[in-house]
Structure formats: C-alpha cells, structure tokens
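Below is the file my_file.cif, which contains mmCIF, C-alpha atoms.
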```
data_final
loop_
_atom_site.label_atom_id
_atom_site.label_comp_id
_atom_site.auth_asym_id
_atom_site.auth_seq_id
_atom_site.Cartn_x
_atom_site.Cartn_y
_atom_site.Cartn_z
CA MET A 1 28.17 -49.00 -0.81
CA LYS A 2 30.54 -49.51 -3.73
CA ALA A 3 31.56 -46.41 -5.66
CA LEU A 4 34.05 -45.40 -8.31
CA ARG A 5 36.68 -43.18 -6.67
CA ILE A 6 39.24 -40.80 -8.09
CA THR A 7 42.20 -41.49 -5.80
CA ARG A 8 44.26 -38.53 -7.07
CA PRO A 9 44.40 -36.36 -10.18
CA GLY A 10 45.80 -38.29 -13.11
CA GLY A 11 45.13 -40.81 -15.85
CA PRO A 12 42.53 -43.60 -15.91
CA GLU A 13 44.75 -45.69 -13.64
CA VAL A 14 43.82 -43.48 -10.66
CA LEU A 15 40.27 -44.84 -10.67
CA GLU A 16 39.34 -47.54 -8.15
CA ILE A 17 36.27 -49.23 -6.70
CA ALA A 18 35.96 -48.41 -3.00
CA ASP A 19 33.57 -48.87 -0.08
CA VAL A 20 32.12 -45.51 0.96
CA PRO A 21 29.18 -44.49 3.16
CA ALA A 22 25.84 -44.54 1.37
CA PRO A 23 24.06 -41.18 1.22
CA GLU A 24 20.80 -40.51 3.02
CA PRO A 25 17.94 -38.60 1.39
CA LYS A 26 16.90 -35.23 2.73
CA ARG A 27 13.25 -34.31 3.15
CA ASP A 28 12.69 -33.55 -0.54
CA GLU A 29 15.10 -36.13 -2.00
CA LEU A 30 15.03 -39.63 -3.41
CA LEU A 31 17.58 -42.32 -2.63
CA VAL A 32 18.14 -44.11 -5.93
CA ARG A 33 19.73 -47.53 -6.39
CA VAL A 34 21.78 -46.78 -9.50
CA ARG A 35 21.74 -49.42 -12.24
CA ALA A 36 23.44 -47.52 -15.06
CA ALA A 37 25.41 -44.29 -15.37
CA GLY A 38 26.60 -42.63 -18.55
CA VAL A 39 30.22 -41.57 -18.92
CA ASN A 40 30.85 -38.00 -20.04
CA ARG A 41 33.95 -36.07 -21.02
CA ALA A 42 33.45 -33.97 -17.88
CA ASP A 43 34.15 -37.14 -15.87
CA THR A 44 37.58 -37.44 -17.49
CA MET A 45 38.26 -33.76 -16.82
CA GLN A 46 37.24 -34.17 -13.18
CA ARG A 47 39.56 -37.19 -12.93
CA ARG A 48 42.45 -35.04 -14.18
CA GLY A 49 41.63 -32.34 -11.61
CA HIS A 50 40.43 -29.78 -14.16
CA TYR A 51 36.66 -29.78 -13.58
CA PRO A 52 35.61 -29.79 -9.91
CA PRO A 53 31.97 -30.58 -9.13
CA PRO A 54 29.60 -27.94 -7.73
CA PRO A 55 29.51 -27.43 -3.95
CA GLY A 56 27.77 -30.25 -2.12
CA PHE A 57 28.79 -33.01 -4.53
CA PRO A 58 31.68 -35.44 -3.99
CA GLU A 59 34.98 -34.43 -5.55
CA ASP A 60 36.20 -38.02 -5.73
CA ILE A 61 33.13 -39.82 -7.17
CA PRO A 62 32.33 -38.92 -10.80
CA GLY A 63 29.06 -39.32 -12.65
CA MET A 64 26.62 -36.69 -13.90
CA GLU A 65 23.68 -38.88 -15.00
CA PHE A 66 22.03 -42.03 -13.76
CA ALA A 67 19.20 -44.50 -14.09
CA GLY A 68 17.88 -46.84 -11.42
CA GLU A 69 15.00 -47.35 -9.03
CA VAL A 70 13.88 -45.41 -5.98
CA ALA A 71 15.09 -47.15 -2.82
CA ALA A 72 13.81 -44.61 -0.25
CA VAL A 73 12.11 -41.21 -0.18
CA GLY A 74 12.22 -38.19 2.09
CA PRO A 75 9.00 -37.15 3.87
CA ASP A 76 8.37 -34.21 1.51
CA VAL A 77 8.67 -36.21 -1.73
CA ARG A 78 5.51 -35.94 -3.82
CA HIS A 79 6.35 -37.03 -7.36
CA HIS A 80 7.91 -40.49 -6.99
CA ARG A 81 7.49 -43.71 -5.03
CA ILE A 82 9.71 -46.51 -3.77
CA GLY A 83 10.44 -49.04 -6.52
CA GLN A 84 9.80 -46.61 -9.39
CA ARG A 85 12.38 -46.50 -12.18
CA VAL A 86 13.84 -43.01 -12.59
CA PHE A 87 16.67 -41.22 -14.39
CA GLY A 88 18.12 -37.75 -14.46
CA LEU A 89 20.97 -35.27 -14.03
CA THR A 90 23.13 -34.70 -10.98
CA GLY A 91 26.12 -32.56 -10.13
CA GLY A 92 28.26 -35.64 -9.44
CA GLY A 93 28.48 -38.93 -7.61
CA ALA A 94 26.34 -41.03 -9.97
CA GLN A 95 28.92 -43.74 -10.57
CA ALA A 96 28.10 -45.51 -7.33
CA GLU A 97 25.52 -47.96 -6.03
CA TYR A 98 23.37 -45.21 -4.50
CA ILE A 99 22.78 -41.53 -5.08
CA THR A 100 20.42 -38.92 -3.67
CA ILE A 101 18.57 -36.62 -6.05
CA PRO A 102 15.98 -33.86 -5.54
CA ASP A 103 12.51 -35.19 -6.24
CA VAL A 104 11.93 -32.42 -8.80
CA LEU A 105 14.97 -33.43 -10.90
CA ALA A 106 14.12 -37.11 -11.34
CA LEU A 107 12.14 -38.31 -14.36
CA PRO A 108 10.26 -41.60 -14.76
CA VAL A 109 11.87 -44.08 -17.14
CA PRO A 110 9.51 -45.01 -20.00
CA ASP A 111 8.45 -48.66 -19.82
CA ASN A 112 10.06 -49.61 -23.14
CA ILE A 113 13.45 -48.07 -22.28
CA SER A 114 16.15 -50.16 -20.56
CA ASP A 115 18.18 -48.93 -17.61
CA VAL A 116 21.25 -48.76 -19.85
CA GLU A 117 19.46 -46.57 -22.38
CA ALA A 118 18.01 -44.37 -19.65
CA GLY A 119 21.44 -44.00 -18.07
CA ALA A 120 22.70 -42.55 -21.36
CA VAL A 121 19.96 -39.97 -21.86
CA ALA A 122 19.99 -37.13 -19.36
CA GLU A 123 23.30 -35.34 -19.86
CA ALA A 124 23.37 -35.61 -23.66
CA TYR A 125 19.74 -34.93 -24.48
CA ILE A 126 18.99 -32.26 -21.87
CA THR A 127 22.21 -30.45 -22.82
CA ALA A 128 21.45 -30.75 -26.53
CA HIS A 129 17.84 -29.56 -26.17
CA ASP A 130 18.91 -26.61 -24.03
CA ALA A 131 21.70 -25.67 -26.46
CA LEU A 132 19.46 -25.85 -29.51
CA PHE A 133 16.41 -24.04 -28.18
CA ALA A 134 16.98 -22.13 -24.92
CA GLN A 135 20.37 -20.85 -26.12
CA GLY A 136 20.25 -21.23 -29.91
CA SER A 137 16.57 -20.41 -30.55
CA LEU A 138 16.46 -23.02 -33.32
CA ALA A 139 13.24 -22.98 -35.35
CA PRO A 140 11.75 -25.55 -37.74
CA GLY A 141 13.12 -25.15 -41.25
CA GLU A 142 16.42 -23.60 -40.11
CA THR A 143 19.88 -25.09 -40.64
CA VAL A 144 22.17 -26.18 -37.80
CA LEU A 145 25.83 -27.21 -37.85
CA VAL A 146 26.77 -29.70 -35.12
CA HIS A 147 30.46 -30.20 -34.46
CA ALA A 148 31.74 -33.56 -33.12
CA VAL A 149 28.51 -35.07 -34.37
CA GLY A 150 29.55 -38.58 -33.32
CA SER A 151 29.69 -37.64 -29.64
CA GLY A 152 26.83 -38.23 -27.23
CA VAL A 153 25.64 -34.62 -27.16
CA GLY A 154 26.40 -34.18 -30.86
CA LEU A 155 24.20 -37.11 -31.85
CA ALA A 156 21.48 -35.95 -29.48
CA ALA A 157 21.53 -32.46 -31.03
CA MET A 158 21.38 -33.93 -34.52
CA GLN A 159 18.43 -36.18 -33.66
CA ILE A 160 16.46 -33.47 -31.87
CA ALA A 161 17.04 -30.90 -34.62
CA ARG A 162 15.98 -33.37 -37.29
CA ALA A 163 12.85 -34.21 -35.29
CA ILE A 164 11.62 -30.60 -35.48
CA GLY A 165 12.35 -30.27 -39.19
CA ALA A 166 15.74 -28.57 -39.19
CA LYS A 167 18.49 -29.42 -41.70
CA VAL A 168 21.63 -30.71 -39.99
CA LEU A 169 25.27 -30.49 -41.03
CA GLY A 170 27.73 -32.42 -38.88
CA THR A 171 31.50 -32.55 -38.53
CA SER A 172 33.90 -35.28 -37.46
CA ARG A 173 37.44 -36.43 -38.21
CA SER A 174 36.18 -39.99 -38.57
CA ALA A 175 34.64 -41.11 -41.85
CA VAL A 176 33.16 -44.12 -40.04
CA LYS A 177 31.41 -41.92 -37.48
CA LEU A 178 30.04 -39.70 -40.26
CA GLU A 179 28.68 -42.74 -42.11
CA ARG A 180 26.94 -43.94 -38.98
CA ALA A 181 25.56 -40.45 -38.31
CA VAL A 182 24.12 -40.36 -41.83
CA GLU A 183 22.36 -43.64 -41.06
CA LEU A 184 20.74 -41.89 -38.07
CA GLY A 185 19.59 -38.92 -40.17
CA LEU A 186 22.53 -36.53 -40.66
CA ASP A 187 21.87 -34.49 -43.80
CA VAL A 188 25.36 -33.22 -44.64
CA PRO A 189 28.47 -35.02 -43.32
CA ILE A 190 31.68 -32.96 -43.18
CA ASP A 191 35.03 -34.68 -42.72
CA VAL A 192 37.16 -31.93 -41.16
CA SER A 193 40.33 -33.90 -41.85
CA THR A 194 39.82 -33.18 -45.57
CA GLN A 195 37.23 -30.36 -45.75
CA LEU A 196 36.88 -26.82 -44.43
CA PHE A 197 33.53 -26.84 -42.67
CA ASP A 198 32.81 -23.16 -43.27
CA ASP A 199 33.31 -23.62 -47.03
CA VAL A 200 30.93 -26.59 -47.02
CA ALA A 201 28.39 -24.73 -44.92
CA MET A 202 28.35 -21.77 -47.31
CA ARG A 203 28.15 -24.02 -50.36
CA VAL A 204 25.22 -26.16 -49.17
CA THR A 205 23.30 -23.06 -48.00
CA HIS A 206 23.99 -21.26 -51.31
CA GLY A 207 26.08 -18.58 -49.62
CA ARG A 208 23.60 -17.83 -46.83
CA GLY A 209 25.30 -19.67 -43.93
CA VAL A 210 23.82 -21.74 -41.11
CA ASP A 211 21.42 -20.42 -38.50
CA VAL A 212 22.84 -22.22 -35.45
CA ILE A 213 26.18 -23.86 -34.61
CA ILE A 214 26.58 -26.25 -31.68
CA ASP A 215 30.29 -26.20 -30.87
CA PHE A 216 32.37 -28.46 -28.64
CA VAL A 217 35.78 -27.51 -30.03
CA GLY A 218 36.24 -23.87 -29.07
CA ALA A 219 39.28 -21.86 -30.06
CA ASP A 220 40.44 -23.78 -33.14
CA TYR A 221 37.03 -23.49 -34.80
CA PHE A 222 36.04 -20.02 -33.63
CA GLU A 223 36.92 -17.87 -36.66
CA ARG A 224 35.49 -20.36 -39.14
CA ASN A 225 32.36 -20.68 -37.02
CA LEU A 226 31.77 -16.96 -37.45
CA ASN A 227 32.37 -17.32 -41.19
CA ALA A 228 29.84 -20.16 -41.43
CA LEU A 229 27.02 -18.36 -39.64
CA ALA A 230 24.19 -16.68 -41.49
CA MET A 231 22.93 -13.20 -40.72
CA LYS A 232 21.44 -13.29 -37.19
CA GLY A 233 23.15 -16.64 -36.61
CA ARG A 234 23.65 -18.13 -33.15
CA LEU A 235 26.86 -19.82 -31.94
CA VAL A 236 26.41 -22.00 -28.86
CA PHE A 237 29.45 -23.24 -26.94
CA VAL A 238 29.01 -26.57 -25.16
CA SER A 239 32.70 -27.36 -24.59
CA THR A 240 36.14 -25.94 -25.40
CA LEU A 241 38.25 -28.99 -26.24
CA SER A 242 40.85 -27.00 -28.20
CA GLY A 243 40.99 -24.08 -25.77
CA ALA A 244 38.84 -21.20 -24.58
CA ASP A 245 40.84 -18.10 -25.52
CA VAL A 246 40.02 -16.52 -28.90
CA LYS A 247 40.42 -13.24 -30.77
CA LEU A 248 36.95 -11.86 -31.39
CA SER A 249 36.11 -9.50 -34.24
CA ILE A 250 33.36 -7.39 -32.71
CA ARG A 251 32.77 -5.88 -36.16
CA THR A 252 31.86 -9.32 -37.55
CA VAL A 253 29.42 -9.87 -34.69
CA MET A 254 27.87 -6.44 -35.28
CA MET A 255 27.64 -6.65 -39.06
CA LYS A 256 26.10 -10.13 -39.05
CA ARG A 257 24.09 -9.44 -35.87
CA LEU A 258 25.34 -12.65 -34.33
CA ARG A 259 24.56 -14.07 -30.91
CA LEU A 260 27.06 -16.08 -28.85
CA ALA A 261 25.90 -18.21 -25.93
CA GLY A 262 27.10 -20.92 -23.57
CA ALA A 263 25.25 -24.08 -22.53
CA THR A 264 26.97 -25.61 -19.47
CA LEU A 265 24.46 -27.30 -17.18
CA ARG A 266 26.61 -28.42 -14.26
CA ASN A 267 26.94 -25.09 -12.45
CA ARG A 268 23.34 -23.94 -12.86
CA THR A 269 20.99 -23.44 -9.95
CA LEU A 270 18.50 -26.14 -9.00
CA GLU A 271 15.69 -24.03 -10.46
CA GLU A 272 17.52 -23.67 -13.77
CA LYS A 273 18.22 -27.40 -13.93
CA VAL A 274 14.58 -28.15 -13.19
CA ALA A 275 13.51 -25.83 -16.02
CA ALA A 276 15.91 -27.50 -18.48
CA THR A 277 14.82 -30.96 -17.34
CA ARG A 278 11.11 -30.14 -17.71
CA ALA A 279 11.63 -28.61 -21.15
CA PHE A 280 13.38 -31.80 -22.26
CA ALA A 281 10.68 -33.98 -20.67
CA ASN A 282 7.94 -32.15 -22.56
CA ALA A 283 9.64 -31.96 -25.96
CA VAL A 284 12.08 -34.87 -26.27
CA LEU A 285 11.23 -37.64 -23.82
CA PRO A 286 8.02 -38.57 -25.72
CA LEU A 287 10.13 -39.04 -28.88
CA ILE A 288 12.47 -41.38 -27.02
CA ALA A 289 9.55 -43.22 -25.45
CA ASN A 290 7.85 -43.88 -28.80
CA GLY A 291 11.05 -44.85 -30.60
CA ALA A 292 11.23 -41.80 -32.86
CA ILE A 293 14.64 -41.10 -31.30
CA ALA A 294 16.88 -44.07 -30.54
CA VAL A 295 19.65 -43.55 -28.00
CA PRO A 296 22.99 -44.60 -29.58
CA ILE A 297 25.02 -46.71 -27.15
CA ASP A 298 28.67 -47.27 -28.05
CA ARG A 299 29.52 -49.78 -25.35
CA VAL A 300 28.41 -50.99 -21.92
CA LEU A 301 30.98 -51.78 -19.26
CA PRO A 302 30.76 -52.76 -15.58
CA LEU A 303 31.76 -50.11 -13.04
CA ALA A 304 34.99 -51.99 -12.37
CA GLN A 305 36.07 -51.28 -15.96
CA ALA A 306 35.58 -47.52 -15.73
CA ALA A 307 39.24 -46.93 -16.57
CA GLU A 308 38.69 -48.58 -19.95
CA ALA A 309 35.67 -46.34 -20.51
CA HIS A 310 37.79 -43.26 -19.80
CA ARG A 311 40.55 -44.45 -22.14
CA ALA A 312 38.08 -45.02 -24.95
CA MET A 313 36.49 -41.61 -24.51
CA GLU A 314 39.80 -39.77 -24.39
CA ALA A 315 40.88 -41.60 -27.55
CA ASN A 316 37.62 -40.48 -29.24
CA GLU A 317 36.78 -44.09 -30.01
CA ASN A 318 33.12 -43.90 -29.06
CA PHE A 319 30.17 -43.23 -31.33
CA GLY A 320 27.39 -42.31 -28.93
CA LYS A 321 27.41 -42.96 -25.21
CA ILE A 322 29.55 -45.19 -23.04
CA VAL A 323 27.53 -46.54 -20.11
CA LEU A 324 28.67 -48.13 -16.86
CA THR A 325 26.46 -50.71 -15.17
CA VAL A 326 26.43 -50.63 -11.38
#
```

Please express what this file holds, its structure, as structure tokens.
Amino acid sequence: MKALRITRPGGPEVLEIADVPAPEPKRDELLVRVRAAGVNRADTMQRRGHYPPPPGFPEDIPGMEFAGEVAAVGPDVRHHRIGQRVFGLTGGGAQAEYITIPDVLALPVPDNISDVEAGAVAEAYITAHDALFAQGSLAPGETVLVHAVGSGVGLAAMQIARAIGAKVLGTSRSAVKLERAVELGLDVPIDVSTQLFDDVAMRVTHGRGVDVIIDFVGADYFERNLNALAMKGRLVFVSTLSGADVKLSIRTVMMKRLRLAGATLRNRTLEEKVAATRAFANAVLPLIANGAIAVPIDRVLPLAQAAEAHRAMEANENFGKIVLTV
C-alpha cells in the first residue's frame, strides 16, 4: 500500500510517499480503506522526532484520525461490516491507504457527512468534548475561555460549549480568525496581539472570572490563566506550545480552589479511549449528523502534498482542519 513516511526527523521535506506492507486485522479489528485523514499538530511534532507514537503504532507513518470504509474484518468483530463507512481515532499510521482499528473504537459515518468531513472530526471533537466535560466539568450556563480558538480543537471546543448553553471567550493573534470564529458562534473574541486576555475575561464576567479554560499554549499563558479563572475554576491543558515548565503559586490554587487537569488522548489505554469515543458519540455526533455543528475545513490536499499541509499548520495559517485525501 501507499503511505506517508517520515524518512528522518526534520522539516516537511523529510516526508515521502512510499510502498509499505498493508496491515492485517487481528481477531477484533477492522481493516479500513482510508479515504481521508486529518492533519494534527502532533503529526508535525512526530515528524520532528519530538512526539513518538504509543507502542504498537508505526513511528514513521503519521496520522491520528481517519475516515474510510471497512475492507475486511476479524472473526470477533461484532459492530461493523465490510463496506460500511467508519471514522475514528488511532495511535498513528492513519495517513496511508489502509489501517487497522479495534472494532470498539470505530464509529459509523453519518449518511450526510462526507469522508473529508468525517476525517476531520475524531481528534478535534473527541479531544474537545473530553477536555470540556470529563476534565473541565463544564456545565450549562458557565463561561469558558478557549485559547487558539481558530485551531481544530479550539473551534470544536467553542462549538460544543455553545451547543450546551455555555458562554465562550476565545483568543487568537489573528483578527481574521477571530472574525470567522464569531461567525460560527464565538461570543467574545480576544486578540492577544493587542489585548490581555485575563483583563478581558474579568471585565466581561464583571470581576468573577471564567469557569473553565481550555489551553493549548502552556507556559506563556499560565499565570494569566490563573488570574482569569473564577473561584472553583478549572484549567485544562491540551497542549504546551510555548513550553511546559511553569512557576506555580500553590496559594493561588488553594485560595481560589482551582483544579488543573490534562487532556492528552494519545497515550490513554484502549478502555479509556473507548470511553471518550462513546461519550463523544452520545453527546456530539448527533449534533454533527443533524447539522447543528458544522465541521470547519481549512483546506483539502492529496496525500502527496502532505509537506504543504505541515508547512501551513506550522505557520498557523489554517482556520479549522487540514485534511489529506488518500
């Protein structure tokens, strides 16, 4: 089969299309003919040699989400059939013609959703739902601050929070991305190139602060995140783009009774991934299926142009997901 390979750690130029052996499904697995695979920042980190996949997944083939149709099934598969359109999460290897996936992790693609849209859903929307609810305990009527709101997970978090009746503040350094996010439902845009987000958060909440923060930035935003949180606020880390090492004021955490949590999916056990996938399927997938949530696609490129996809993501050009067709 054809697959996107990382030939060595480095820039986008180290990516190539190569012929590799196709995987074979185990007893409880599906073999999926991949049609579309979303690109995530973790793919660029893996390409640079900074984010190895979990054990059992290829180190040289990126891709953490997919959509396609079932090409073969193991003898213990009970939930899916050959020819069925499916999508889902994987630990790696999705940017290839074929992938194997545990039967319990695959989800059926709604009839009115294209393969490209389905290929952009799993990583962003399962991560966002888990961060908001399993980690952040967001409740209807609360206020959430989403950093990097123009990213795939940021937009997903904004859309899901709005769908349950939360008020959403969102940050970006791009006025254009903020304008587009407002069109999708963002309540309060914050341009961090000209505004201090903690000042804005306190002003729009009349000095109370926000209940939940979904953070992708890490160290550079940490102190102001604590400032922006309300009493009993929850800070959820999804990524650490500016670094992971911070100076923590335990007194601030104690006095405001704050909760800090992390939301990485890639290194979770199969059982934990199944739980996160099912929670998303019950709460969010119906909203995507009926059009209440539209999946923002920035651009669609063939697998052979994966290097261009990586360059665009690392330059923060994209608003929403970049998807590779296979």

Would you kindly translate the PyMOL selection byres ((chain A and resi 213) around 6) into the concrete residues it picks from this file, as a PyMOL selection string? chain A and resi 144-146+212+214+235

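The protein and nucleic acid residues lying at most 6 Å from Val32 of chain A are A:Glu69, A:Val70, A:Ala71, A:Tyr98, A:Ile99, with only C-alpha atoms considered and sequence neighbours fewer than 6 positions away removed.
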
Using C-alpha atoms, can you export the residues from the last selection as a tab-separated table (two decimals), keeping the file's coordinate frame?
```
chain	number	residue	atom	x	y	z
A	69	GLU	CA	15.00	-47.35	-9.03
A	70	VAL	CA	13.88	-45.41	-5.98
A	71	ALA	CA	15.09	-47.15	-2.82
A	98	TYR	CA	23.37	-45.21	-4.50
A	99	ILE	CA	22.78	-41.53	-5.08
```

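We find atom CA of Thr100 of chain A and atom CA of Arg81 of chain A to be spaced 13.9 Å apart.
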
Per residue of segment 61-144 of chain A within 6 Å of segment 258-282 of chain A, record the nearest atom pair and its distance in Å to one decimal, counting all atoms listed in the file, with rows in chain order and ascending residue number, as CSV.
```
residue,atom,partner,partner_atom,distance
A:Gly91,CA,A:Arg266,CA,5.9
A:Leu105,CA,A:Val274,CA,5.8
A:Ile126,CA,A:Phe280,CA,5.6
A:Ala131,CA,A:Ala263,CA,5.5
```

Taking 4 positions as the minimum chain separation for residues in the same chain, which residues sit within 6 Å of Met64 of chain A when counting all atoms listed in the file? Answer as a JSON list (two decimals) with C-alpha atoms, in the frame of the given file.
```json
[["chain", "number", "residue", "atom", "x", "y", "z"],
["A", 89, "LEU", "CA", 20.97, -35.27, -14.03],
["A", 90, "THR", "CA", 23.13, -34.70, -10.98],
["A", 91, "GLY", "CA", 26.12, -32.56, -10.13],
["A", 92, "GLY", "CA", 28.26, -35.64, -9.44],
["A", 94, "ALA", "CA", 26.34, -41.03, -9.97]]
```

Which residues are close to segment 293-310 of chain A, i.e. within 7 Å by all atoms listed in the file, leaving aside same-chain residues fewer than 3 positions away? Reply as a PyMOL selection string. chain A and resi 12-13+15+17+44+117+159+287-288+313-314+318-326

Take the residues just selected and output them with C-alpha atoms as an mmCIF file, keeping the file's coordinate frame.
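Once written, part.cif looks like this:
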```
data_model
loop_
_atom_site.group_PDB
_atom_site.id
_atom_site.type_symbol
_atom_site.label_atom_id
_atom_site.label_comp_id
_atom_site.auth_asym_id
_atom_site.auth_seq_id
_atom_site.Cartn_x
_atom_site.Cartn_y
_atom_site.Cartn_z
ATOM 1 C CA PRO A 12 42.530 -43.600 -15.910
ATOM 2 C CA GLU A 13 44.750 -45.690 -13.640
ATOM 3 C CA LEU A 15 40.270 -44.840 -10.670
ATOM 4 C CA ILE A 17 36.270 -49.230 -6.700
ATOM 5 C CA THR A 44 37.580 -37.440 -17.490
ATOM 6 C CA GLU A 117 19.460 -46.570 -22.380
ATOM 7 C CA GLN A 159 18.430 -36.180 -33.660
ATOM 8 C CA LEU A 287 10.130 -39.040 -28.880
ATOM 9 C CA ILE A 288 12.470 -41.380 -27.020
ATOM 10 C CA MET A 313 36.490 -41.610 -24.510
ATOM 11 C CA GLU A 314 39.800 -39.770 -24.390
ATOM 12 C CA ASN A 318 33.120 -43.900 -29.060
ATOM 13 C CA PHE A 319 30.170 -43.230 -31.330
ATOM 14 C CA GLY A 320 27.390 -42.310 -28.930
ATOM 15 C CA LYS A 321 27.410 -42.960 -25.210
ATOM 16 C CA ILE A 322 29.550 -45.190 -23.040
ATOM 17 C CA VAL A 323 27.530 -46.540 -20.110
ATOM 18 C CA LEU A 324 28.670 -48.130 -16.860
ATOM 19 C CA THR A 325 26.460 -50.710 -15.170
ATOM 20 C CA VAL A 326 26.430 -50.630 -11.380
#
```

Please evaluate the PyMOL selection byres ((chain A and resi 193) around 9) against the structure above and give the resulting residues as a compact mmCIF listing (two decimals) with C-alpha atoms, in the frame of the given file.
```
# COMPACT_ATOMS: atom_id res chain seq x y z
CA SER A 172 33.90 -35.28 -37.46
CA ARG A 173 37.44 -36.43 -38.21
CA SER A 174 36.18 -39.99 -38.57
CA ILE A 190 31.68 -32.96 -43.18
CA ASP A 191 35.03 -34.68 -42.72
CA VAL A 192 37.16 -31.93 -41.16
CA THR A 194 39.82 -33.18 -45.57
CA GLN A 195 37.23 -30.36 -45.75
CA LEU A 196 36.88 -26.82 -44.43
```

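Once the PyMOL selection byres ((chain A and resi 242) around 7) is applied to the shown structure, the selection contains Val217, Gly218, Ala219, Asp220, Thr240, Leu241 and Gly243 of chain A.
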
Shortest contact to Leu285 of chain A, candidates A:Arg208, A:Arg257, A:His129, A:Arg251, atoms counted all atoms listed in the file, goes to A:His129

Among A:Gly233, A:Gly154, A:Pro9, A:Gly88, Asp211 of chain A is approached most closely, using all atoms listed in the file, by A:Gly233

Within 7 Å of (27.5, -20.9, -41.6) in the file's own coordinates, which protein, DNA or RNA residues have an atom, counting only C-alpha atoms? List them as a ChimeraX atom specification. /A:198,201-202,209-211,225,227-230

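Residues in contact range of Leu186 of chain A, defined as at most 7 Å between only C-alpha atoms, with sequence neighbours fewer than 6 positions away removed, read Met158, Val168, Leu169 and Gly170 of chain A.
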